[in-house]
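Okay, query_38.cif is below, mmCIF, C-alpha atoms and all ligand atoms:
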```cif
data_run
loop_
_atom_site.label_atom_id
_atom_site.label_comp_id
_atom_site.auth_asym_id
_atom_site.auth_seq_id
_atom_site.Cartn_x
_atom_site.Cartn_y
_atom_site.Cartn_z
CA MET A 1 4.31 -102.30 -184.71
CA LYS A 2 4.40 -104.25 -181.45
CA HIS A 3 2.55 -107.30 -180.11
CA SER A 4 4.01 -109.78 -182.58
CA GLY A 5 4.10 -112.30 -179.77
CA LEU A 6 7.82 -112.80 -180.35
CA PRO A 7 10.17 -113.34 -177.44
CA ALA A 8 11.40 -109.92 -176.20
CA SER A 9 14.98 -110.61 -177.35
CA LEU A 10 13.82 -110.97 -180.96
CA GLU A 11 11.13 -108.32 -180.79
CA LYS A 12 13.73 -105.61 -180.20
CA GLN A 13 15.71 -106.45 -183.31
CA TYR A 14 12.92 -106.75 -185.86
CA HIS A 15 10.46 -104.42 -187.39
CA THR A 16 7.23 -106.42 -187.49
CA ILE A 17 4.35 -105.93 -189.89
CA ALA A 18 1.28 -107.90 -188.84
CA GLN A 19 -0.62 -109.59 -191.67
CA GLN A 20 -4.01 -110.97 -190.78
CA PHE A 21 -5.73 -113.14 -193.35
CA GLN A 22 -9.12 -114.75 -193.14
CA GLU A 23 -10.06 -116.60 -189.98
CA GLU A 24 -7.09 -116.98 -187.69
CA HIS A 25 -4.41 -117.09 -190.33
CA GLN A 26 -1.55 -114.75 -189.61
CA SER A 27 1.53 -114.35 -191.72
CA PRO A 28 3.72 -111.72 -190.06
CA ILE A 29 6.62 -110.11 -191.83
CA PHE A 30 9.83 -109.70 -189.83
CA ILE A 31 12.40 -107.26 -191.15
CA GLY A 32 15.91 -107.33 -189.68
CA THR A 33 19.60 -107.64 -190.48
CA SER A 34 22.04 -110.56 -190.16
CA CYS A 35 19.19 -112.87 -189.19
CA PHE A 36 20.53 -116.41 -189.71
CA GLY A 37 21.53 -116.81 -186.06
CA ASP A 38 17.91 -116.12 -185.10
CA TRP A 39 16.30 -118.66 -187.45
CA PRO A 40 16.20 -121.52 -184.91
CA ARG A 41 14.58 -119.22 -182.34
CA PHE A 42 11.99 -118.08 -184.86
CA PHE A 43 11.25 -121.72 -185.66
CA ASP A 44 10.91 -122.54 -181.95
CA HIS A 45 8.50 -119.63 -181.66
CA PHE A 46 6.34 -121.05 -184.44
CA GLY A 47 6.52 -124.59 -183.03
CA PHE A 48 7.97 -126.09 -186.20
CA GLY A 49 8.90 -129.78 -186.38
CA LYS A 50 12.48 -130.95 -186.47
CA SER A 51 13.22 -131.09 -190.20
CA VAL A 52 14.00 -127.88 -192.04
CA VAL A 53 14.64 -127.82 -195.79
CA VAL A 54 16.10 -124.63 -197.17
CA VAL A 55 15.49 -124.28 -200.90
CA THR A 56 17.84 -121.88 -202.66
CA ASN A 57 19.96 -121.60 -205.81
CA PRO A 58 23.73 -122.09 -206.34
CA GLN A 59 24.58 -118.36 -206.44
CA ILE A 60 22.84 -117.59 -203.18
CA ARG A 61 24.00 -120.81 -201.57
CA ARG A 62 27.61 -119.81 -202.22
CA HIS A 63 27.18 -116.63 -200.19
CA TYR A 64 25.07 -117.83 -197.29
CA ALA A 65 25.02 -121.63 -196.82
CA SER A 66 27.81 -121.73 -194.28
CA ALA A 67 26.17 -119.01 -192.13
CA ILE A 68 22.91 -120.97 -192.17
CA GLU A 69 24.67 -124.22 -191.29
CA THR A 70 26.48 -122.52 -188.42
CA ALA A 71 23.19 -121.12 -187.11
CA PHE A 72 21.66 -124.59 -186.88
CA GLN A 73 24.65 -126.36 -185.35
CA GLY A 74 23.68 -127.72 -181.95
CA SER A 75 19.99 -126.87 -182.48
CA LYS A 76 17.20 -129.45 -182.36
CA TYR A 77 16.62 -129.07 -186.11
CA SER A 78 18.00 -131.28 -188.83
CA LEU A 79 18.89 -128.99 -191.70
CA LYS A 80 19.07 -129.73 -195.42
CA ILE A 81 19.98 -127.15 -198.02
CA ILE A 82 18.99 -127.97 -201.59
CA ASP A 83 19.14 -125.88 -204.69
CA ILE A 84 17.30 -125.40 -207.91
CA PRO A 85 19.01 -123.98 -210.99
CA SER A 86 19.07 -120.20 -211.21
CA GLY A 87 16.81 -118.43 -213.71
CA GLU A 88 13.20 -117.90 -214.74
CA GLN A 89 13.41 -120.81 -217.22
CA PHE A 90 13.63 -123.17 -214.23
CA LYS A 91 10.40 -122.00 -212.63
CA THR A 92 8.72 -125.12 -213.93
CA MET A 93 6.54 -128.04 -212.95
CA ASP A 94 9.54 -130.28 -213.55
CA VAL A 95 11.63 -128.43 -210.97
CA ALA A 96 8.67 -128.40 -208.54
CA GLN A 97 8.37 -132.17 -209.07
CA ARG A 98 12.05 -132.61 -208.21
CA LEU A 99 11.55 -130.62 -205.02
CA LEU A 100 8.60 -132.87 -204.10
CA ASP A 101 10.84 -135.91 -204.70
CA SER A 102 13.40 -134.46 -202.30
CA PHE A 103 10.74 -133.71 -199.66
CA LEU A 104 9.63 -137.35 -199.91
CA ASP A 105 13.24 -138.58 -199.73
CA PHE A 106 13.68 -136.52 -196.55
CA LYS A 107 10.38 -137.92 -195.23
CA LEU A 108 9.12 -134.44 -194.43
CA GLU A 109 5.96 -134.35 -192.35
CA ARG A 110 3.35 -131.61 -192.21
CA THR A 111 4.89 -130.06 -189.10
CA ASP A 112 8.25 -129.77 -190.87
CA THR A 113 9.31 -126.65 -192.69
CA VAL A 114 10.36 -125.48 -196.13
CA VAL A 115 12.27 -122.21 -196.26
CA ALA A 116 12.23 -120.49 -199.66
CA PHE A 117 15.54 -118.66 -199.51
CA GLY A 118 16.17 -116.67 -202.68
CA GLY A 119 14.63 -114.33 -205.20
CA GLY A 120 11.13 -114.54 -206.63
CA VAL A 121 11.92 -117.64 -208.68
CA VAL A 122 12.90 -119.68 -205.62
CA GLY A 123 10.00 -118.15 -203.66
CA ASP A 124 7.42 -119.04 -206.30
CA VAL A 125 8.53 -122.59 -207.08
CA ALA A 126 9.49 -123.64 -203.53
CA GLY A 127 6.27 -122.00 -202.29
CA PHE A 128 4.29 -123.95 -204.86
CA ALA A 129 5.91 -127.26 -203.91
CA ALA A 130 5.39 -126.57 -200.18
CA SER A 131 1.74 -125.69 -200.80
CA VAL A 132 0.90 -129.00 -202.48
CA TYR A 133 3.19 -131.37 -200.56
CA LEU A 134 0.92 -133.28 -198.16
CA ARG A 135 -1.67 -130.59 -199.04
CA GLY A 136 0.50 -127.95 -197.44
CA ILE A 137 3.53 -127.94 -195.18
CA ASN A 138 4.98 -125.07 -193.10
CA LEU A 139 6.47 -122.47 -195.39
CA VAL A 140 8.79 -119.59 -194.54
CA GLN A 141 9.49 -117.06 -197.24
CA ALA A 142 13.01 -115.70 -196.73
CA PRO A 143 13.44 -113.40 -199.73
CA THR A 144 16.93 -112.30 -200.74
CA SER A 145 16.33 -110.06 -203.77
CA LEU A 146 14.88 -106.58 -203.45
CA LEU A 147 12.01 -107.57 -205.75
CA ALA A 148 11.17 -110.59 -203.62
CA GLN A 149 11.45 -108.59 -200.35
CA VAL A 150 9.05 -105.89 -201.49
CA ASP A 151 6.80 -107.93 -203.75
CA ALA A 152 7.07 -111.63 -204.57
CA ALA A 153 7.35 -112.97 -201.00
CA ILE A 154 4.32 -111.03 -199.80
CA GLY A 155 0.73 -111.88 -200.62
CA GLY A 156 0.78 -115.67 -200.77
CA LYS A 157 0.87 -116.25 -204.50
CA THR A 158 2.98 -119.20 -205.69
CA ALA A 159 3.54 -120.20 -209.28
CA VAL A 160 5.33 -122.19 -211.94
CA ASN A 161 5.40 -121.31 -215.60
CA HIS A 162 3.68 -123.41 -218.26
CA PRO A 163 4.99 -123.77 -221.82
CA ARG A 164 1.97 -121.66 -222.87
CA GLY A 165 2.65 -118.78 -220.53
CA LYS A 166 4.17 -117.41 -217.34
CA ASN A 167 2.65 -118.12 -213.92
CA LEU A 168 -0.24 -120.10 -215.37
CA VAL A 169 -0.09 -122.77 -212.65
CA GLY A 170 -0.01 -121.93 -208.97
CA THR A 171 -1.73 -121.61 -205.62
CA PHE A 172 -2.63 -119.02 -203.03
CA TYR A 173 -0.69 -120.16 -199.98
CA GLN A 174 0.32 -117.95 -197.08
CA PRO A 175 3.71 -118.63 -195.48
CA ARG A 176 3.80 -118.94 -191.69
CA CYS A 177 6.00 -115.86 -191.80
CA VAL A 178 8.13 -113.76 -194.13
CA LEU A 179 11.63 -113.29 -192.80
CA ILE A 180 13.42 -110.43 -194.54
CA ASP A 181 17.15 -110.18 -193.92
CA LEU A 182 18.13 -106.81 -195.37
CA SER A 183 21.84 -107.65 -195.23
CA THR A 184 21.41 -110.16 -198.05
CA LEU A 185 20.94 -107.16 -200.35
CA ALA A 186 24.68 -106.52 -200.01
CA THR A 187 25.42 -109.29 -202.51
CA LEU A 188 22.55 -108.60 -204.93
CA PRO A 189 23.82 -107.51 -208.37
CA ARG A 190 23.19 -103.85 -209.18
CA LYS A 191 20.87 -104.59 -212.09
CA GLU A 192 18.67 -106.75 -209.86
CA MET A 193 18.59 -104.01 -207.25
CA LEU A 194 17.36 -101.57 -209.89
CA CYS A 195 14.70 -104.06 -210.94
CA GLY A 196 13.29 -104.23 -207.42
CA LEU A 197 13.41 -100.47 -207.14
CA ALA A 198 10.85 -100.16 -209.94
CA GLU A 199 8.31 -101.85 -207.65
CA VAL A 200 9.32 -99.54 -204.77
CA VAL A 201 8.63 -96.47 -206.95
CA LYS A 202 5.35 -98.16 -207.90
CA TYR A 203 4.17 -98.28 -204.27
CA GLY A 204 5.05 -94.59 -203.90
CA ALA A 205 3.10 -93.71 -207.01
CA ILE A 206 0.00 -95.80 -206.27
CA CYS A 207 -0.52 -95.30 -202.55
CA ASN A 208 2.28 -93.65 -200.60
CA VAL A 209 3.23 -90.15 -201.63
CA ALA A 210 5.58 -89.84 -198.63
CA LEU A 211 7.56 -92.79 -200.01
CA PHE A 212 7.69 -91.12 -203.42
CA ASP A 213 8.99 -87.89 -201.80
CA TYR A 214 11.54 -89.90 -199.82
CA ILE A 215 12.95 -91.49 -202.98
CA GLU A 216 13.23 -88.06 -204.61
CA LYS A 217 15.00 -86.63 -201.56
CA ASN A 218 17.44 -89.52 -201.23
CA LEU A 219 18.00 -89.99 -204.91
CA GLU A 220 21.78 -89.65 -204.88
CA ALA A 221 22.25 -92.31 -202.21
CA ILE A 222 19.69 -94.66 -203.75
CA LYS A 223 21.18 -94.33 -207.22
CA SER A 224 24.36 -96.04 -206.07
CA MET A 225 22.25 -99.20 -205.56
CA ALA A 226 24.66 -100.16 -202.79
CA TYR A 227 22.94 -101.47 -199.68
CA SER A 228 26.09 -101.30 -197.55
CA GLN A 229 26.56 -97.58 -198.19
CA CYS A 230 23.19 -96.56 -196.78
CA PRO A 231 21.48 -99.47 -195.00
CA ASP A 232 19.02 -97.17 -193.22
CA ILE A 233 17.66 -95.87 -196.51
CA TRP A 234 17.15 -99.38 -197.89
CA GLN A 235 15.54 -100.43 -194.64
CA HIS A 236 13.05 -97.59 -195.03
CA LEU A 237 12.35 -98.43 -198.68
CA VAL A 238 11.79 -102.13 -197.97
CA THR A 239 9.67 -101.53 -194.88
CA GLU A 240 7.39 -98.96 -196.50
CA SER A 241 7.01 -101.11 -199.62
CA ALA A 242 6.26 -104.25 -197.65
CA LYS A 243 3.64 -102.31 -195.67
CA ALA A 244 2.08 -101.02 -198.88
CA LYS A 245 1.83 -104.46 -200.44
CA THR A 246 0.48 -105.94 -197.20
CA ALA A 247 -2.16 -103.23 -196.97
CA VAL A 248 -3.41 -104.09 -200.44
CA VAL A 249 -3.25 -107.90 -200.29
CA THR A 250 -4.82 -108.29 -196.85
CA VAL A 251 -7.89 -106.45 -198.15
CA ASP A 252 -7.97 -108.39 -201.42
CA GLN A 253 -6.42 -111.81 -201.05
CA LYS A 254 -7.68 -113.42 -204.23
CA GLU A 255 -7.55 -110.60 -206.72
CA ALA A 256 -11.19 -109.57 -206.58
CA GLY A 257 -10.45 -105.88 -207.02
CA LEU A 258 -8.08 -103.65 -205.06
CA ARG A 259 -5.07 -105.85 -205.81
CA GLU A 260 -5.30 -104.72 -209.41
CA ILE A 261 -3.72 -101.36 -208.48
CA LEU A 262 -0.45 -103.28 -208.02
CA ASN A 263 -0.46 -103.63 -211.80
CA PHE A 264 0.49 -99.97 -212.30
CA GLY A 265 3.01 -99.97 -215.14
CA HIS A 266 2.40 -103.66 -215.79
CA THR A 267 -0.03 -103.48 -218.76
CA PHE A 268 2.48 -101.61 -220.90
CA GLY A 269 5.33 -103.39 -219.06
CA HIS A 270 4.13 -106.91 -219.93
CA GLY A 271 3.55 -105.76 -223.50
CA ILE A 272 7.17 -104.62 -223.70
CA GLU A 273 8.61 -107.72 -222.01
CA THR A 274 6.68 -110.01 -224.32
CA ALA A 275 7.23 -108.02 -227.53
CA PHE A 276 10.97 -108.41 -226.90
CA ASN A 277 10.65 -112.10 -225.94
CA TYR A 278 11.78 -111.42 -222.37
CA ARG A 279 15.33 -110.93 -223.64
CA ARG A 280 15.80 -107.19 -223.95
CA PHE A 281 14.18 -105.96 -220.73
CA LEU A 282 14.23 -107.21 -217.17
CA HIS A 283 10.80 -107.11 -215.53
CA GLY A 284 11.62 -104.00 -213.46
CA GLU A 285 12.97 -102.15 -216.47
CA ALA A 286 9.81 -102.88 -218.44
CA VAL A 287 7.62 -101.88 -215.49
CA ALA A 288 9.52 -98.59 -215.08
CA LEU A 289 8.89 -97.82 -218.74
CA GLY A 290 5.31 -98.97 -218.30
CA MET A 291 4.77 -96.58 -215.36
CA ALA A 292 6.13 -93.69 -217.40
CA MET A 293 3.86 -94.69 -220.28
CA ALA A 294 0.75 -95.07 -218.09
CA SER A 295 1.49 -91.66 -216.57
CA THR A 296 1.74 -90.19 -220.06
CA ALA A 297 -1.57 -91.80 -221.02
CA ALA A 298 -3.14 -90.35 -217.84
CA GLN A 299 -1.82 -86.92 -218.72
CA LYS A 300 -3.17 -87.19 -222.26
CA MET A 301 -6.58 -88.12 -220.83
CA GLY A 302 -6.53 -85.14 -218.49
CA LEU A 303 -6.31 -87.22 -215.30
CA ILE A 304 -3.04 -85.64 -214.15
CA ASP A 305 -1.24 -82.44 -215.07
CA ASP A 306 2.10 -82.22 -216.88
CA LEU A 307 3.97 -81.55 -213.67
CA THR A 308 2.82 -84.77 -211.98
CA LYS A 309 3.56 -86.82 -215.06
CA ASP A 310 7.03 -85.27 -215.33
CA ARG A 311 7.78 -85.95 -211.67
CA ILE A 312 7.11 -89.65 -212.20
CA VAL A 313 9.00 -89.92 -215.48
CA LYS A 314 11.93 -87.85 -214.26
CA LEU A 315 12.38 -89.86 -211.08
CA LEU A 316 12.52 -93.09 -213.07
CA GLN A 317 14.96 -91.56 -215.52
CA LYS A 318 17.22 -90.24 -212.78
CA LEU A 319 17.28 -93.62 -211.06
CA GLY A 320 18.79 -95.01 -214.24
CA PHE A 321 15.85 -96.62 -216.03
CA THR A 322 15.77 -96.35 -219.78
CA MET A 323 12.80 -94.44 -221.15
CA GLU A 324 13.29 -95.75 -224.66
CA ILE A 325 11.67 -98.62 -226.47
CA PRO A 326 13.88 -99.84 -229.32
CA GLU A 327 11.96 -98.90 -232.42
CA VAL A 328 11.90 -102.39 -233.95
CA GLY A 329 9.76 -103.78 -231.15
CA ALA A 330 7.36 -100.88 -230.68
CA PRO A 331 4.74 -101.88 -233.27
CA GLY A 332 4.33 -105.33 -231.70
CA ILE A 333 3.51 -104.02 -228.24
CA LEU A 334 -0.14 -103.19 -228.83
CA SER A 335 -1.06 -106.58 -230.27
CA VAL A 336 0.80 -108.33 -227.48
CA MET A 337 -1.08 -106.28 -224.89
CA ALA A 338 -4.40 -107.17 -226.47
CA SER A 339 -3.74 -110.87 -225.86
CA ASP A 340 -2.65 -110.38 -222.23
CA LYS A 341 -4.47 -112.42 -219.59
CA LYS A 342 -5.48 -109.17 -217.87
CA VAL A 343 -7.75 -108.23 -220.75
CA ARG A 344 -11.36 -108.53 -219.58
CA ASP A 345 -14.25 -108.63 -222.07
CA GLY A 346 -11.88 -107.56 -224.82
CA ARG A 347 -10.99 -104.29 -223.09
CA LEU A 348 -7.45 -103.42 -222.05
CA ARG A 349 -7.25 -102.41 -218.40
CA PHE A 350 -4.78 -99.79 -217.27
CA VAL A 351 -3.93 -98.51 -213.82
CA LEU A 352 -3.59 -94.76 -214.27
CA PRO A 353 -2.45 -92.12 -211.77
CA THR A 354 -4.97 -89.44 -210.84
CA ALA A 355 -2.48 -87.71 -208.51
CA LEU A 356 0.77 -88.74 -206.87
CA GLY A 357 -0.10 -91.60 -204.52
CA LYS A 358 -3.49 -92.22 -206.16
CA VAL A 359 -4.56 -94.40 -209.07
CA GLU A 360 -7.68 -95.55 -210.87
CA VAL A 361 -8.28 -98.69 -212.94
CA ARG A 362 -9.59 -97.73 -216.37
CA ASP A 363 -10.74 -99.82 -219.32
CA ASP A 364 -11.62 -96.86 -221.52
CA VAL A 365 -8.23 -95.61 -222.65
CA PRO A 366 -8.75 -94.74 -226.33
CA GLN A 367 -6.75 -96.88 -228.73
CA GLU A 368 -5.44 -93.69 -230.30
CA ILE A 369 -3.88 -92.57 -227.00
CA ILE A 370 -2.29 -95.99 -226.45
CA LYS A 371 -0.71 -95.74 -229.89
CA GLN A 372 0.46 -92.17 -229.31
CA VAL A 373 2.10 -93.19 -226.03
CA ILE A 374 3.91 -96.13 -227.62
CA ASP A 375 5.10 -93.83 -230.41
CA ALA A 376 6.26 -91.20 -227.94
CA PHE A 377 8.52 -93.74 -226.21
CA ALA A 378 9.81 -95.48 -229.33
CA ALA A 379 13.53 -94.80 -229.67
CA LYS A 380 13.50 -92.29 -232.50
CA ALA A 381 11.38 -89.80 -230.64
CA SER A 382 12.75 -90.68 -227.23
CA TYR A 383 10.89 -89.05 -224.36
CA VAL A 384 12.63 -86.31 -222.41
CA ALA A 385 10.93 -84.86 -219.35
CA GLU A 386 10.75 -81.08 -219.44
CA GLU A 387 12.50 -79.04 -216.79
CA HIS A 388 10.27 -77.27 -214.30
N1 LIG B 401 4.40 -114.46 -206.15
C1 LIG B 401 4.27 -113.19 -206.44
O1 LIG B 401 3.37 -112.51 -205.96
C2 LIG B 401 5.27 -112.55 -207.37
C3 LIG B 401 5.30 -111.16 -207.49
C4 LIG B 401 6.27 -110.59 -208.31
C5 LIG B 401 7.16 -111.41 -208.99
N2 LIG B 401 7.10 -112.75 -208.86
C6 LIG B 401 8.05 -113.63 -209.57
O2 LIG B 401 9.35 -113.36 -209.07
C7 LIG B 401 10.28 -113.71 -210.09
C8 LIG B 401 11.33 -112.61 -210.17
O3 LIG B 401 11.99 -112.51 -208.94
P1 LIG B 401 13.46 -111.91 -208.83
O4 LIG B 401 13.51 -110.61 -209.52
O5 LIG B 401 13.86 -111.99 -207.41
O6 LIG B 401 14.29 -112.90 -209.75
P2 LIG B 401 15.23 -114.17 -209.40
O7 LIG B 401 14.64 -115.00 -208.38
O8 LIG B 401 15.59 -114.77 -210.70
O9 LIG B 401 16.51 -113.45 -208.78
C9 LIG B 401 17.24 -112.57 -209.57
C10 LIG B 401 18.73 -112.93 -209.58
O10 LIG B 401 19.34 -112.45 -208.38
C11 LIG B 401 20.03 -113.50 -207.72
N3 LIG B 401 19.95 -113.22 -206.30
C12 LIG B 401 18.83 -113.13 -205.55
N4 LIG B 401 19.15 -112.75 -204.31
C13 LIG B 401 20.50 -112.58 -204.26
C14 LIG B 401 21.42 -112.17 -203.26
N5 LIG B 401 21.00 -111.79 -202.06
N6 LIG B 401 22.71 -112.12 -203.58
C15 LIG B 401 23.14 -112.44 -204.82
N7 LIG B 401 22.33 -112.82 -205.82
C16 LIG B 401 21.02 -112.89 -205.53
C17 LIG B 401 19.36 -114.75 -208.18
O11 LIG B 401 20.22 -115.85 -208.08
C18 LIG B 401 19.02 -114.41 -209.63
O12 LIG B 401 20.13 -114.63 -210.44
C19 LIG B 401 9.51 -113.93 -211.36
O13 LIG B 401 9.44 -115.29 -211.63
C20 LIG B 401 8.13 -113.38 -211.04
O14 LIG B 401 7.09 -114.03 -211.74
C21 LIG B 401 6.18 -113.33 -208.06
ZN ZN B 402 6.09 -106.44 -211.15
#
```
Could you quickly redo this structure as structure tokens?
Amino acid sequence: MKHSGLPASLEKQYHTIAQQFQEEHQSPIFIGTSCFGDWPRFFDHFGFGKSVVVVTNPQIRRHYASAIETAFQGSKYSLKIIDIPSGEQFKTMDVAQRLLDSFLDFKLERTDTVVAFGGGVVGDVAGFAASVYLRGINLVQAPTSLLAQVDAAIGGKTAVNHPRGKNLVGTFYQPRCVLIDLSTLATLPRKEMLCGLAEVVKYGAICNVALFDYIEKNLEAIKSMAYSQCPDIWQHLVTESAKAKTAVVTVDQKEAGLREILNFGHTFGHGIETAFNYRRFLHGEAVALGMAMASTAAQKMGLIDDLTKDRIVKLLQKLGFTMEIPEVGAPGILSVMASDKKVRDGRLRFVLPTALGKVEVRDDVPQEIIKQVIDAFAAKASYVAEEH
């Protein structure tokens, strides 16, 4: 897409997805490779003030801090790089408070800029701090994990966890832009890559059948989870996913309706994550299982045929996701799901496929079918997709 208003020298190197939110608020997504050298020019383009604080974590800092420092040498910006501890357990009010302390120490003003440079944890907590500091300071989301590039950094949700539950405190706050540097995927651990891929498959299944086909066709290359071996494929996956998320969230910024389709696989998925105390399954692994389970429920309700269900389950299996719930945890899943915050009026809501690339939100899935699906995926009777 053209007309991003970027200087021509940058325009050529970036794929731009325009994001228009209410009134004049734009939050474009720029997708490129080896971007650090361009950061100061992007910041000039947006008219940012002179202080830039990059929030990251120690693992990511180790890989990229010197490249960022080099990029800002001799520029008009004064750069600070600070980190928060790595891990979901540090997505807290306490860590957000410490970030606010640092912003005050640095005397950041509203025209200054916070760059959230990391995975979804950094994006959510740094985004939250930026959104409340002086009632909102310039924010750039610079996501480095696949999950953050295709999901967390897009849509303007920020959050910290509360002792009583995940993501219970947060804001809707659009960054000035999302700057996706695909080359950072080269250092992302394989397991994290797989986690992000679950969300990519999700976009294919809910709204982009061409993306789903593309993953099937390029399965062998994708399975290696190695960005450097096939950067063009990963570029396509990230770009199409980012477009899909943008298309949904620009229509429904505050979760009034359409945005709910992004929860495909997440009702069962959250049930699984919680039933195993967030220890046994990473989010993407639970969502992959959840998508297979929702597809099985849809098939049992006659919404899709066996072939469609098997295509979804098989693709997930071939990508390397487990399709087994350890038997010990299976019985707890239903009760956990019933207490999920997505339950409305006591009815569980599921996003179910009605064809590849199409879904429906349903709150009338019979309890008996939910139980059958959980049983079908519990380890003893592990699910195997039939050959066609
Ligand atoms: N705001 C939203 O709309 C939204 C949407 C989805 C998820 N989330 C949140 O995102 C979080 C999960 O994000 P995540 O999966 O990115 O987890 P994460 O931020 O914990 O990152 C995963 C791991 O990968 C490492 N890492 C990230 N990028 C790297 C790189 N380029 N090289 C090497 N290591 C790298 C991190 O240090 C971390 O250890 C959750 O807290 C979730 O609630 C938010
Ligand atoms: Zn998810």
Neighbour list for Tyr214 of chain A as a list of chain:residue names, cut-off 10 Å, only C-alpha atoms, skip fewer than 4 positions in-chain:
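Counting only C-alpha atoms, the residues come to A:Gly204, A:Val209, A:Ala210, A:Asn218, A:Leu219, A:Ile233, A:His236, A:Leu237.
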Expected answer as number ranges by chain: residues within 7 Å of ligand ZN 402 (chain B), only C-alpha atoms and all ligand atoms
A: 199, 266, 283-284, 287
Write the residues of the selection above to a file with C-alpha atoms, as an mmCIF file, keeping the file's coordinate frame.
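And here's out_33.cif as it stands now:
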```cif
data_model
loop_
_atom_site.group_PDB
_atom_site.id
_atom_site.type_symbol
_atom_site.label_atom_id
_atom_site.label_comp_id
_atom_site.auth_asym_id
_atom_site.auth_seq_id
_atom_site.Cartn_x
_atom_site.Cartn_y
_atom_site.Cartn_z
ATOM 1 C CA GLU A 199 8.310 -101.850 -207.650
ATOM 2 C CA HIS A 266 2.400 -103.660 -215.790
ATOM 3 C CA HIS A 283 10.800 -107.110 -215.530
ATOM 4 C CA GLY A 284 11.620 -104.000 -213.460
ATOM 5 C CA VAL A 287 7.620 -101.880 -215.490
#
```
Applying 8 Å and all atoms listed in the file, which residues near Tyr77 of chain A remain after dropping the ones on its own chain fewer than 2 positions away? List them as a CSV table (one decimal) with C-alpha atoms, in the coordinates of the input.
```csv
chain,number,residue,atom,x,y,z
A,40,PRO,CA,16.2,-121.5,-184.9
A,49,GLY,CA,8.9,-129.8,-186.4
A,50,LYS,CA,12.5,-131.0,-186.5
A,51,SER,CA,13.2,-131.1,-190.2
A,52,VAL,CA,14.0,-127.9,-192.0
A,72,PHE,CA,21.7,-124.6,-186.9
A,75,SER,CA,20.0,-126.9,-182.5
A,79,LEU,CA,18.9,-129.0,-191.7
```
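By chain and then residue number, the residues within 10 Å of Ala96 of chain A are Ile84, Phe90, Lys91, Asp101, Ser102, Asp124, Val125, Ala126, Gly127, Phe128, Ala129, Ala130, Val132, Ala159 and Val160 of chain A, counting all atoms listed in the file and disregarding those fewer than 5 positions away in sequence.
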Box time for ligand LIG 401 (chain B): axis-aligned, enclosing all its listed atoms, 5 Å extra on each side; report centre and edge lengths in Å to one decimal, as lines of an AutoDock Vina configuration file.
```
center_x = 13.3
center_y = -113.2
center_z = -206.9
size_x = 29.8
size_y = 15.3
size_z = 19.7
```
Can you tell me which residues surround Ala67 of chain A at a distance of at most 12 Å, considering all atoms listed in the file, apart from same-chain residues fewer than 4 positions away, and format the answer as JSON, numbers by chain?
{"A": [34, 35, 36, 37, 38, 39, 60, 61, 62, 63, 71, 72, 73, 81, 184]}
Which is closer to Glu192 of chain A than all the others in A:Pro85, A:Gly119, A:Gly170, A:Gly5, using all atoms listed in the file?
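Selected residue with least distance to Glu192 of chain A: A:Gly119.
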Which residues form the shell of 8 Å around ligand LIG 401 (chain B) when you count only C-alpha atoms and all ligand atoms, given as a ChimeraX atom specification?
/A:57-60,63,86-88,91,118-124,143-148,151-159,166-167,184-189,192,195-196,283-284
Could you tell me how far atom CA of Leu303 of chain A sits from atom CA of Pro353 of chain A, in Å to one decimal place?
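That distance, rounded to one decimal, is 7.2 Å.
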Would you list the contacts of Ala275 of chain A as a PyMOL selection string, taking every protein, DNA or RNA residue within 6 Å and counting all atoms listed in the file, but skipping same-chain residues closer than 4 positions in sequence?
chain A and resi 271+332-333
Counting all atoms listed in the file, figure out which residue out of A:Met293, A:Ala244, A:Gly329, A:Gly302 gets nearest to Arg280 of chain A.
A:Gly329
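Candidate residues A:Ile325, A:Ala205, A:Val115, A:Ala65 were compared for distance to Ala355 of chain A, and the nearest is A:Ala205, using only C-alpha atoms.
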What gap, in Å, lies between atom CA of Ala286 of chain A and atom CA of Ile272 of chain A?
6.1 Å
Atom CA of Thr239 of chain A to atom CA of Phe21 of chain A, straight-line distance in Å:
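Interatomic distance, atom CA of Phe21 of chain A to atom CA of Thr239 of chain A: 19.3 Å.
Of the listed residues A:Glu285, A:Asp232, A:Glu220, A:Asp44, the one whose atoms come nearest to Val201 of chain A is A:Glu285, with distances taken using only C-alpha atoms.
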Measuring atom to atom with only C-alpha atoms, identify which of A:Leu258, A:Ile370, A:Ala198, A:Leu99 is nearest to Val313 of chain A.
A:Ala198
My list of candidates is A:Met301, A:Val53, A:Ala288, A:Ile31. Which is closest to Ala18 of chain A when distances are computed with all atoms listed in the file?
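Closest residue, counting all atoms listed in the file: A:Ile31.
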